[in-house]
>>> print(open('entry.cif').read())   # mmCIF, C-alpha atoms and all ligand atoms
data_start
#
loop_
_atom_site.group_PDB
_atom_site.id
_atom_site.type_symbol
_atom_site.label_atom_id
_atom_site.label_comp_id
_atom_site.auth_asym_id
_atom_site.auth_seq_id
_atom_site.Cartn_x
_atom_site.Cartn_y
_atom_site.Cartn_z
ATOM 1 C CA MET A 1344 -24.061 6.503 6.284
ATOM 2 C CA GLU A 1345 -20.777 4.563 6.261
ATOM 3 C CA GLY A 1346 -21.994 1.079 5.335
ATOM 4 C CA ALA A 1347 -20.236 0.345 8.632
ATOM 5 C CA PRO A 1348 -22.178 -2.637 10.052
ATOM 6 C CA ALA A 1349 -21.424 -4.912 7.100
ATOM 7 C CA ALA A 1350 -17.789 -3.777 6.921
ATOM 8 C CA ARG A 1351 -17.336 -4.338 10.660
ATOM 9 C CA ILE A 1352 -18.696 -7.890 10.522
ATOM 10 C CA ALA A 1353 -16.801 -8.724 7.331
ATOM 11 C CA PHE A 1354 -13.429 -7.413 8.507
ATOM 12 C CA ASP A 1355 -13.853 -8.993 11.933
ATOM 13 C CA ARG A 1356 -14.300 -12.299 10.103
ATOM 14 C CA LEU A 1357 -11.356 -11.618 7.802
ATOM 15 C CA ALA A 1358 -8.919 -10.480 10.518
ATOM 16 C CA ALA A 1359 -7.383 -13.878 11.313
ATOM 17 C CA SER A 1360 -6.647 -14.672 7.662
ATOM 18 C CA TYR A 1361 -5.938 -11.129 6.407
ATOM 19 C CA ASP A 1362 -2.135 -11.378 6.508
ATOM 20 C CA GLY A 1363 -2.256 -14.686 4.627
ATOM 21 C CA VAL A 1364 -4.703 -13.353 2.023
ATOM 22 C CA THR A 1365 -2.526 -10.302 1.448
ATOM 23 C CA GLY A 1366 0.770 -12.171 1.646
ATOM 24 C CA GLY A 1367 1.442 -12.851 -2.055
ATOM 25 C CA GLU A 1368 4.070 -11.314 -4.330
ATOM 26 C CA ILE A 1369 1.625 -8.821 -5.866
ATOM 27 C CA PHE A 1370 0.400 -7.441 -2.575
ATOM 28 C CA ASP A 1371 3.961 -7.263 -1.348
ATOM 29 C CA LEU A 1372 4.954 -5.169 -4.377
ATOM 30 C CA LEU A 1373 1.989 -2.847 -3.913
ATOM 31 C CA ARG A 1374 2.731 -2.486 -0.209
ATOM 32 C CA LYS A 1375 6.377 -1.614 -0.929
ATOM 33 C CA ARG A 1376 5.279 1.157 -3.300
ATOM 34 C CA THR A 1377 3.113 2.720 -0.609
ATOM 35 C CA HIS A 1378 5.787 2.297 2.072
ATOM 36 C CA ALA A 1379 8.295 4.214 -0.037
ATOM 37 C CA VAL A 1380 5.848 7.140 -0.098
ATOM 38 C CA LEU A 1381 5.060 6.911 3.627
ATOM 39 C CA ALA A 1382 8.766 6.826 4.490
ATOM 40 C CA ARG A 1383 9.411 10.019 2.509
ATOM 41 C CA ALA A 1384 6.373 11.815 3.913
ATOM 42 C CA PHE A 1385 6.838 11.024 7.605
ATOM 43 C CA PRO A 1386 10.316 11.230 9.100
ATOM 44 C CA SER A 1387 11.077 10.035 12.595
ATOM 45 C CA GLY A 1388 9.368 12.141 15.255
ATOM 46 C CA CYS A 1389 6.206 12.822 13.226
ATOM 47 C CA ARG A 1390 2.804 12.131 14.733
ATOM 48 C CA VAL A 1391 0.344 10.352 12.437
ATOM 49 C CA LEU A 1392 -3.292 9.329 12.618
ATOM 50 C CA GLU A 1393 -4.052 6.091 10.780
ATOM 51 C CA ILE A 1394 -7.596 5.237 9.745
ATOM 52 C CA GLY A 1395 -8.566 1.612 9.033
ATOM 53 C CA CYS A 1396 -5.257 0.109 10.152
ATOM 54 C CA GLY A 1397 -6.339 -3.519 9.567
ATOM 55 C CA THR A 1398 -3.742 -5.875 11.049
ATOM 56 C CA GLY A 1399 -1.249 -3.051 11.568
ATOM 57 C CA ILE A 1400 1.274 -3.597 8.780
ATOM 58 C CA ASP A 1401 1.577 0.136 8.070
ATOM 59 C CA THR A 1402 1.246 0.978 11.774
ATOM 60 C CA VAL A 1403 4.341 -1.059 12.570
ATOM 61 C CA PHE A 1404 6.171 0.161 9.471
ATOM 62 C CA LEU A 1405 5.698 3.774 10.566
ATOM 63 C CA ALA A 1406 6.242 3.209 14.289
ATOM 64 C CA GLY A 1407 9.376 1.176 13.517
ATOM 65 C CA ARG A 1408 10.779 4.262 11.784
ATOM 66 C CA GLY A 1409 10.244 6.443 14.838
ATOM 67 C CA VAL A 1410 6.827 7.848 13.869
ATOM 68 C CA ARG A 1411 4.227 8.079 16.661
ATOM 69 C CA VAL A 1412 1.016 6.517 15.397
ATOM 70 C CA LEU A 1413 -2.547 6.655 16.679
ATOM 71 C CA ALA A 1414 -4.225 3.894 14.671
ATOM 72 C CA CYS A 1415 -7.893 3.017 14.582
ATOM 73 C CA ASP A 1416 -10.092 0.451 12.916
ATOM 74 C CA LEU A 1417 -13.779 -0.256 12.910
ATOM 75 C CA ALA A 1418 -13.301 -4.012 13.373
ATOM 76 C CA GLU A 1419 -12.269 -5.039 16.887
ATOM 77 C CA ARG A 1420 -10.474 -8.189 15.739
ATOM 78 C CA MET A 1421 -8.376 -6.089 13.358
ATOM 79 C CA VAL A 1422 -7.550 -3.830 16.309
ATOM 80 C CA SER A 1423 -6.464 -6.888 18.329
ATOM 81 C CA CYS A 1424 -4.231 -8.035 15.444
ATOM 82 C CA THR A 1425 -2.617 -4.596 15.287
ATOM 83 C CA ALA A 1426 -2.103 -4.499 19.046
ATOM 84 C CA ARG A 1427 -0.430 -7.939 18.912
ATOM 85 C CA ARG A 1428 1.789 -6.894 15.999
ATOM 86 C CA VAL A 1429 2.796 -3.692 17.796
ATOM 87 C CA GLY A 1430 3.604 -5.795 20.895
ATOM 88 C CA ARG A 1431 5.647 -8.352 18.909
ATOM 89 C CA HIS A 1432 7.781 -5.485 17.586
ATOM 90 C CA GLY A 1433 8.088 -3.848 21.016
ATOM 91 C CA LEU A 1434 6.582 -0.619 19.663
ATOM 92 C CA GLU A 1435 3.977 0.030 22.389
ATOM 93 C CA ARG A 1436 5.525 3.386 23.207
ATOM 94 C CA SER A 1437 5.209 4.577 19.580
ATOM 95 C CA ALA A 1438 1.873 3.134 18.478
ATOM 96 C CA THR A 1439 -1.546 3.262 20.108
ATOM 97 C CA VAL A 1440 -4.477 1.447 18.577
ATOM 98 C CA MET A 1441 -8.179 1.763 19.251
ATOM 99 C CA ALA A 1442 -11.475 0.383 17.996
ATOM 100 C CA CYS A 1443 -13.145 3.387 16.419
ATOM 101 C CA SER A 1444 -14.732 4.202 13.076
ATOM 102 C CA LEU A 1445 -13.772 7.175 10.943
ATOM 103 C CA GLY A 1446 -17.142 8.722 11.801
ATOM 104 C CA ASP A 1447 -16.491 8.558 15.556
ATOM 105 C CA LEU A 1448 -12.892 9.737 15.426
ATOM 106 C CA ALA A 1449 -13.316 13.525 15.192
ATOM 107 C CA PRO A 1450 -15.884 13.718 18.040
ATOM 108 C CA TYR A 1451 -13.557 11.536 20.173
ATOM 109 C CA LEU A 1452 -10.484 13.703 19.504
ATOM 110 C CA ASP A 1453 -12.481 16.910 19.962
ATOM 111 C CA ALA A 1454 -13.627 15.700 23.378
ATOM 112 C CA LEU A 1455 -10.098 15.166 24.719
ATOM 113 C CA ASP A 1456 -8.898 17.773 27.244
ATOM 114 C CA GLU A 1457 -6.106 18.730 24.909
ATOM 115 C CA ALA A 1458 -7.201 18.183 21.287
ATOM 116 C CA PRO A 1459 -4.245 16.514 19.521
ATOM 117 C CA SER A 1460 -2.617 17.869 16.388
ATOM 118 C CA PHE A 1461 -1.036 15.469 13.886
ATOM 119 C CA ASP A 1462 1.603 15.871 11.185
ATOM 120 C CA GLY A 1463 -0.572 13.789 8.961
ATOM 121 C CA ILE A 1464 -3.273 11.229 8.297
ATOM 122 C CA VAL A 1465 -2.780 7.878 6.577
ATOM 123 C CA SER A 1466 -5.429 5.497 5.332
ATOM 124 C CA ASN A 1467 -4.278 2.679 3.114
ATOM 125 C CA PHE A 1468 -5.541 -0.126 0.918
ATOM 126 C CA GLY A 1469 -9.166 0.733 0.627
ATOM 127 C CA ALA A 1470 -10.361 1.464 4.167
ATOM 128 C CA LEU A 1471 -12.058 4.584 2.800
ATOM 129 C CA ASN A 1472 -13.748 2.566 0.054
ATOM 130 C CA CYS A 1473 -15.962 1.233 2.860
ATOM 131 C CA VAL A 1474 -17.118 4.767 3.677
ATOM 132 C CA ALA A 1475 -19.887 6.478 1.696
ATOM 133 C CA ASN A 1476 -19.279 9.995 2.839
ATOM 134 C CA LEU A 1477 -15.814 11.404 3.460
ATOM 135 C CA GLU A 1478 -16.985 14.506 5.338
ATOM 136 C CA ALA A 1479 -15.591 13.090 8.584
ATOM 137 C CA LEU A 1480 -12.166 12.903 6.947
ATOM 138 C CA GLY A 1481 -12.456 16.576 5.998
ATOM 139 C CA ALA A 1482 -13.370 17.473 9.591
ATOM 140 C CA LEU A 1483 -10.393 15.520 10.950
ATOM 141 C CA THR A 1484 -8.033 17.166 8.495
ATOM 142 C CA SER A 1485 -9.202 20.684 9.187
ATOM 143 C CA ARG A 1486 -9.291 20.277 12.984
ATOM 144 C CA HIS A 1487 -6.486 17.828 13.760
ATOM 145 C CA VAL A 1488 -3.785 18.140 11.079
ATOM 146 C CA ARG A 1489 -1.279 20.932 11.501
ATOM 147 C CA PRO A 1490 -0.832 23.484 8.691
ATOM 148 C CA GLY A 1491 1.694 22.066 6.221
ATOM 149 C CA GLY A 1492 0.746 18.524 7.285
ATOM 150 C CA THR A 1493 0.229 15.591 4.920
ATOM 151 C CA VAL A 1494 -2.719 13.328 4.143
ATOM 152 C CA ILE A 1495 -1.959 10.102 2.261
ATOM 153 C CA LEU A 1496 -4.885 7.999 1.100
ATOM 154 C CA GLY A 1497 -4.633 4.636 -0.639
ATOM 155 C CA LEU A 1498 -7.948 3.919 -2.323
ATOM 156 C CA MET A 1499 -9.205 1.343 -4.784
ATOM 157 C CA GLY A 1500 -9.396 3.283 -8.031
ATOM 158 C CA ARG A 1501 -12.335 3.665 -10.401
ATOM 159 C CA THR A 1502 -10.488 2.295 -13.428
ATOM 160 C CA CYS A 1503 -8.093 -0.611 -13.151
ATOM 161 C CA ALA A 1504 -6.556 -1.297 -16.562
ATOM 162 C CA TRP A 1505 -5.502 -4.858 -15.678
ATOM 163 C CA GLU A 1506 -8.944 -5.703 -14.325
ATOM 164 C CA THR A 1507 -10.682 -4.344 -17.423
ATOM 165 C CA LEU A 1508 -8.411 -6.429 -19.683
ATOM 166 C CA TYR A 1509 -8.863 -9.503 -17.508
ATOM 167 C CA PHE A 1510 -12.665 -9.337 -17.548
ATOM 168 C CA ALA A 1511 -12.666 -8.628 -21.288
ATOM 169 C CA ALA A 1512 -10.314 -11.588 -21.920
ATOM 170 C CA THR A 1513 -12.454 -13.900 -19.775
ATOM 171 C CA LYS A 1514 -15.607 -12.785 -21.666
ATOM 172 C CA ARG A 1515 -17.220 -11.011 -18.696
ATOM 173 C CA PRO A 1516 -17.452 -7.479 -20.109
ATOM 174 C CA HIS A 1517 -20.327 -6.639 -17.716
ATOM 175 C CA LEU A 1518 -17.767 -6.773 -14.865
ATOM 176 C CA ALA A 1519 -15.196 -4.606 -16.651
ATOM 177 C CA GLY A 1520 -16.869 -1.351 -15.627
ATOM 178 C CA ARG A 1521 -18.077 -2.464 -12.187
ATOM 179 C CA ARG A 1522 -16.006 0.151 -10.329
ATOM 180 C CA ARG A 1523 -17.793 2.902 -12.246
ATOM 181 C CA ALA A 1524 -21.287 1.574 -11.565
ATOM 182 C CA ALA A 1525 -23.621 3.617 -9.391
ATOM 183 C CA SER A 1526 -22.379 3.398 -5.794
ATOM 184 C CA PRO A 1527 -22.382 1.404 -3.678
ATOM 185 C CA VAL A 1528 -20.975 -1.648 -5.432
ATOM 186 C CA PRO A 1529 -21.697 -4.892 -3.511
ATOM 187 C CA VAL A 1530 -18.343 -6.612 -2.888
ATOM 188 C CA PRO A 1531 -18.058 -9.959 -1.068
ATOM 189 C CA VAL A 1532 -15.589 -9.894 1.841
ATOM 190 C CA ALA A 1533 -15.302 -13.043 3.981
ATOM 191 C CA GLY A 1534 -18.781 -14.108 2.878
ATOM 192 C CA ILE A 1535 -20.429 -10.776 3.680
ATOM 193 C CA THR A 1536 -21.579 -8.284 1.057
ATOM 194 C CA VAL A 1537 -19.855 -5.005 1.825
ATOM 195 C CA PRO A 1538 -21.170 -1.827 0.143
ATOM 196 C CA THR A 1539 -18.105 -0.420 -1.574
ATOM 197 C CA PHE A 1540 -17.616 3.146 -2.752
ATOM 198 C CA TYR A 1541 -15.185 3.835 -5.608
ATOM 199 C CA HIS A 1542 -14.680 7.525 -4.919
ATOM 200 C CA ARG A 1543 -13.787 9.989 -7.648
ATOM 201 C CA VAL A 1544 -10.552 11.845 -6.950
ATOM 202 C CA SER A 1545 -12.565 15.057 -7.291
ATOM 203 C CA ASP A 1546 -14.935 13.891 -4.520
ATOM 204 C CA VAL A 1547 -12.025 13.170 -2.184
ATOM 205 C CA ARG A 1548 -10.618 16.630 -2.931
ATOM 206 C CA ALA A 1549 -13.972 18.218 -2.240
ATOM 207 C CA ALA A 1550 -14.301 16.335 1.065
ATOM 208 C CA LEU A 1551 -10.903 17.571 2.228
ATOM 209 C CA GLY A 1552 -11.821 21.138 1.351
ATOM 210 C CA SER A 1553 -10.048 24.058 -0.253
ATOM 211 C CA GLY A 1554 -7.507 24.305 2.584
ATOM 212 C CA THR A 1555 -5.932 21.036 1.438
ATOM 213 C CA ARG A 1556 -4.083 20.686 -1.867
ATOM 214 C CA LEU A 1557 -3.700 17.473 -3.891
ATOM 215 C CA THR A 1558 0.040 17.332 -4.609
ATOM 216 C CA SER A 1559 0.370 13.986 -6.377
ATOM 217 C CA ILE A 1560 -1.406 10.842 -7.519
ATOM 218 C CA LEU A 1561 0.560 7.610 -7.701
ATOM 219 C CA GLY A 1562 -0.903 4.545 -9.390
ATOM 220 C CA ILE A 1563 -0.524 1.425 -7.247
ATOM 221 C CA GLY A 1564 -0.543 -1.658 -9.438
ATOM 222 C CA VAL A 1565 -0.657 -0.039 -12.878
ATOM 223 C CA MET A 1566 1.356 -2.670 -14.769
ATOM 224 C CA ILE A 1567 1.023 -5.284 -12.036
ATOM 225 C CA PRO A 1568 -2.343 -7.114 -11.824
ATOM 226 C CA PRO A 1569 -4.707 -6.879 -8.831
ATOM 227 C CA PRO A 1570 -3.831 -9.241 -5.953
ATOM 228 C CA TYR A 1571 -6.721 -11.619 -6.719
ATOM 229 C CA LEU A 1572 -4.814 -12.612 -9.893
ATOM 230 C CA GLU A 1573 -1.779 -13.813 -7.883
ATOM 231 C CA ALA A 1574 -2.106 -17.466 -8.987
ATOM 232 C CA ARG A 1575 -2.181 -16.467 -12.676
ATOM 233 C CA TRP A 1576 0.649 -13.978 -12.145
ATOM 234 C CA GLN A 1577 2.844 -16.761 -10.782
ATOM 235 C CA ARG A 1578 2.354 -18.665 -14.066
ATOM 236 C CA VAL A 1579 3.805 -15.722 -16.055
ATOM 237 C CA PRO A 1580 7.503 -16.282 -16.922
ATOM 238 C CA PRO A 1581 9.808 -14.496 -14.434
ATOM 239 C CA ILE A 1582 11.336 -12.266 -17.119
ATOM 240 C CA ALA A 1583 7.891 -10.963 -18.162
ATOM 241 C CA ARG A 1584 7.009 -10.359 -14.505
ATOM 242 C CA ARG A 1585 10.207 -8.393 -14.013
ATOM 243 C CA LEU A 1586 9.401 -6.292 -17.096
ATOM 244 C CA CYS A 1587 5.933 -5.516 -15.736
ATOM 245 C CA ILE A 1588 7.405 -4.530 -12.364
ATOM 246 C CA SER A 1589 9.944 -2.193 -14.010
ATOM 247 C CA ALA A 1590 7.281 -0.677 -16.288
ATOM 248 C CA ASP A 1591 5.051 -0.202 -13.265
ATOM 249 C CA ARG A 1592 7.757 1.739 -11.436
ATOM 250 C CA LEU A 1593 8.312 3.981 -14.483
ATOM 251 C CA LEU A 1594 4.683 4.673 -15.410
ATOM 252 C CA ALA A 1595 2.870 4.765 -12.074
ATOM 253 C CA PRO A 1596 3.550 8.448 -11.262
ATOM 254 C CA TRP A 1597 2.453 9.793 -14.662
ATOM 255 C CA PRO A 1598 -0.957 10.656 -16.131
ATOM 256 C CA PRO A 1599 -2.962 8.895 -17.415
ATOM 257 C CA PHE A 1600 -1.337 5.755 -15.930
ATOM 258 C CA ASN A 1601 -1.435 7.059 -12.368
ATOM 259 C CA ARG A 1602 -5.234 6.670 -12.356
ATOM 260 C CA LEU A 1603 -5.287 3.205 -13.926
ATOM 261 C CA GLY A 1604 -3.969 1.104 -11.051
ATOM 262 C CA ASP A 1605 -5.821 -1.292 -8.776
ATOM 263 C CA HIS A 1606 -5.297 1.402 -6.154
ATOM 264 C CA VAL A 1607 -4.394 5.075 -6.288
ATOM 265 C CA LEU A 1608 -2.305 6.768 -3.644
ATOM 266 C CA LEU A 1609 -3.420 10.363 -3.175
ATOM 267 C CA HIS A 1610 -1.005 12.739 -1.521
ATOM 268 C CA PHE A 1611 -2.475 15.943 -0.053
ATOM 269 C CA MET A 1612 -0.870 18.822 1.765
ATOM 270 C CA LYS A 1613 -2.757 21.034 4.176
ATOM 271 C CA GLU A 1614 -2.056 24.640 3.245
ATOM 272 C CA ARG A 1615 -0.007 26.667 5.664
ATOM 273 C CA ALA A 1616 -1.799 29.608 7.239
ATOM 274 C CA ALA A 1617 -1.097 32.914 5.429
ATOM 275 C CA HIS A 1618 1.181 34.139 8.233
ATOM 276 C CA ASP A 1619 3.335 30.931 8.287
HETATM 277 C C1 LIG A 1701 -8.777 -3.670 3.171
HETATM 278 S S1 LIG A 1701 -8.507 -3.343 4.853
HETATM 279 C C2 LIG A 1701 -7.000 -2.371 4.811
HETATM 280 C C3 LIG A 1701 -6.265 -2.478 6.125
HETATM 281 C C4 LIG A 1701 -4.929 -1.761 6.211
HETATM 282 N N1 LIG A 1701 -5.076 -0.330 6.019
HETATM 283 C C5 LIG A 1701 -3.912 -2.297 5.233
HETATM 284 O O1 LIG A 1701 -3.281 -1.505 4.533
HETATM 285 O O2 LIG A 1701 -3.699 -3.529 5.216
HETATM 286 C C6 LIG A 1701 -9.700 -2.088 5.230
HETATM 287 C C7 LIG A 1701 -9.807 -1.825 6.728
HETATM 288 O O3 LIG A 1701 -10.607 -0.663 6.931
HETATM 289 C C8 LIG A 1701 -11.410 -0.873 8.069
HETATM 290 N N2 LIG A 1701 -12.575 0.015 7.983
HETATM 291 C C9 LIG A 1701 -13.638 -0.069 7.154
HETATM 292 N N3 LIG A 1701 -14.493 0.934 7.358
HETATM 293 C C10 LIG A 1701 -13.965 1.697 8.350
HETATM 294 C C11 LIG A 1701 -14.390 2.874 9.016
HETATM 295 N N4 LIG A 1701 -15.541 3.474 8.695
HETATM 296 N N5 LIG A 1701 -13.615 3.385 10.005
HETATM 297 C C12 LIG A 1701 -12.440 2.762 10.331
HETATM 298 N N6 LIG A 1701 -11.993 1.643 9.745
HETATM 299 C C13 LIG A 1701 -12.745 1.107 8.752
HETATM 300 C C14 LIG A 1701 -11.757 -2.348 8.004
HETATM 301 O O4 LIG A 1701 -12.195 -2.854 9.251
HETATM 302 C C15 LIG A 1701 -10.445 -2.937 7.516
HETATM 303 O O5 LIG A 1701 -9.627 -3.332 8.584
#
>>> encode(input="entry.cif", output="C-alpha cells")
Amino acid sequence: MEGAPAARIAFDRLAASYDGVTGGEIFDLLRKRTHAVLARAFPSGCRVLEIGCGTGIDTVFLAGRGVRVLACDLAERMVSCTARRVGRHGLERSATVMACSLGDLAPYLDALDEAPSFDGIVSNFGALNCVANLEALGALTSRHVRPGGTVILGLMGRTCAWETLYFAATKRPHLAGRRRAASPVPVPVAGITVPTFYHRVSDVRAALGSGTRLTSILGIGVMIPPPYLEARWQRVPPIARRLCISADRLLAPWPPFNRLGDHVLLHFMKERAAHD
C-alpha cells in the first residue's frame, strides 16, 4: 500500500502553490545542494528516470544540462506543471512527463515493446516518503537501470537536529521525535492528512537489494533549518546565517551529521556485472 489516494489529492491541491511554498531562501539552498550532486552524477547524454517530479524543477535542471529525462508523478496537476515548465524552457525533446505512480511504473516500462534502460533514477524532496513499501523501486532498479548506473534519492530523514531543537525550545517535546514514531506519521499537506513514511536508510538499502551499493549519504539541511522555519530564519542576522550555511557545507557529508538533516540524499550505484 502506497498511501497513494491521500497523497494524490493533497499534491493535486498543492500543485498551483508549490513553487511559491518552496521558493524561500532555505529551500533554495537545499535545492542547490541536491543539484550539485545531480550535476556530478549525470553528465549530458545520460538517460534518467525521475519519480515524483512535482512541478519539474529537477526535471528542467537535468534536461537543461542535456540529460534525457522520463519524469512521472502521481498527481496529475503536478504533471501539468512539469509539462508547462518543460515547454517554457523549450526542453520537450529532452524531457517526457507522465501521470504515473511509482507502483505502476515498472509494469508500464516492462510492457513496452523495447524495455528502456536508464543510467539512473532520481527521486527528490520526499516523494518516496509518501510510499510505504519501496519494493517497486527495487524492481525498477534491477530491471531498468544499467549496471554501473546511479540511484539518487532525497528523502526526509528520521532525525532532523534543527527540528528537534526547535520543538524542544518551543516546549513541544512530544513533537521532537515524531519522525521516529511508528509509521505512518500523519502529515498535513494542503489540508489533507498524508500518511508519511520516514524510512530507515537500512530499509531503503534492503529495498534496492544486494546488487546496489550505497556509496554516500549527504545531509541536506544539517546546519540550515527546515523550510517551514523560513520566517524565523530571515530574522537571524545575516552573518549568523552565512556561518550556518558555511558550516552546513562543511559538515553535511560527514557522519554523524549526514543523517541529521531535514533531508538525506542517498547515492547508490548498481553493481556492474562480474564480466564488465
Ligand atoms: C514534496 S513533492 C517533491 C516534488 C519534487 N521531487 C521536488 O523536488 O520538488 C513530492 C511529490 O511526490 C509525488 N508522489 C507522491 N507519491 C508518489 C508515488 N507513489 N508515485 C509517484 N509520485 C508520487 C507527489 O505527487 C509530489 O508531487
>>> atom_distance(input="entry.cif", atom1="atom CA of Tyr1541 of chain A", atom2="atom CA of Val1412 of chain A")
26.7 Å
>>> residues_near_ligand(input="entry.cif", ligand="ligand LIG 1701 (chain A)", cutoff="7 Å", atoms="all atoms listed in the file", output="PyMOL selection string")
chain A and resi 1345+1347+1350-1351+1354-1355+1394-1401+1415-1418+1421+1443-1446+1466-1471+1473-1474
>>> resolve_selection(input="entry.cif", expression="the PyMOL selection byres (((chain A and resi 1423) around 9) and not hetatm)", output="PyMOL selection string")
chain A and resi 1358+1398+1418-1422+1424-1428+1440-1442
>>> resolve_selection(input="entry.cif", expression="the PyMOL selection byres (((chain A and resi 1544) around 10) and not hetatm)", output="list in words")
Leu1498, Gly1500, Arg1501, Tyr1541, His1542, Arg1543, Ser1545, Asp1546, Val1547, Arg1548, Ala1549, Ala1550, Leu1557, Ile1560, Arg1602, Val1607 and Leu1609 of chain A
>>> closest_residue(input="entry.cif", among="A:Leu1357, A:Val1488, A:Val1380, A:Met1499", to="Pro1531 of chain A", atoms="only C-alpha atoms")
A:Leu1357
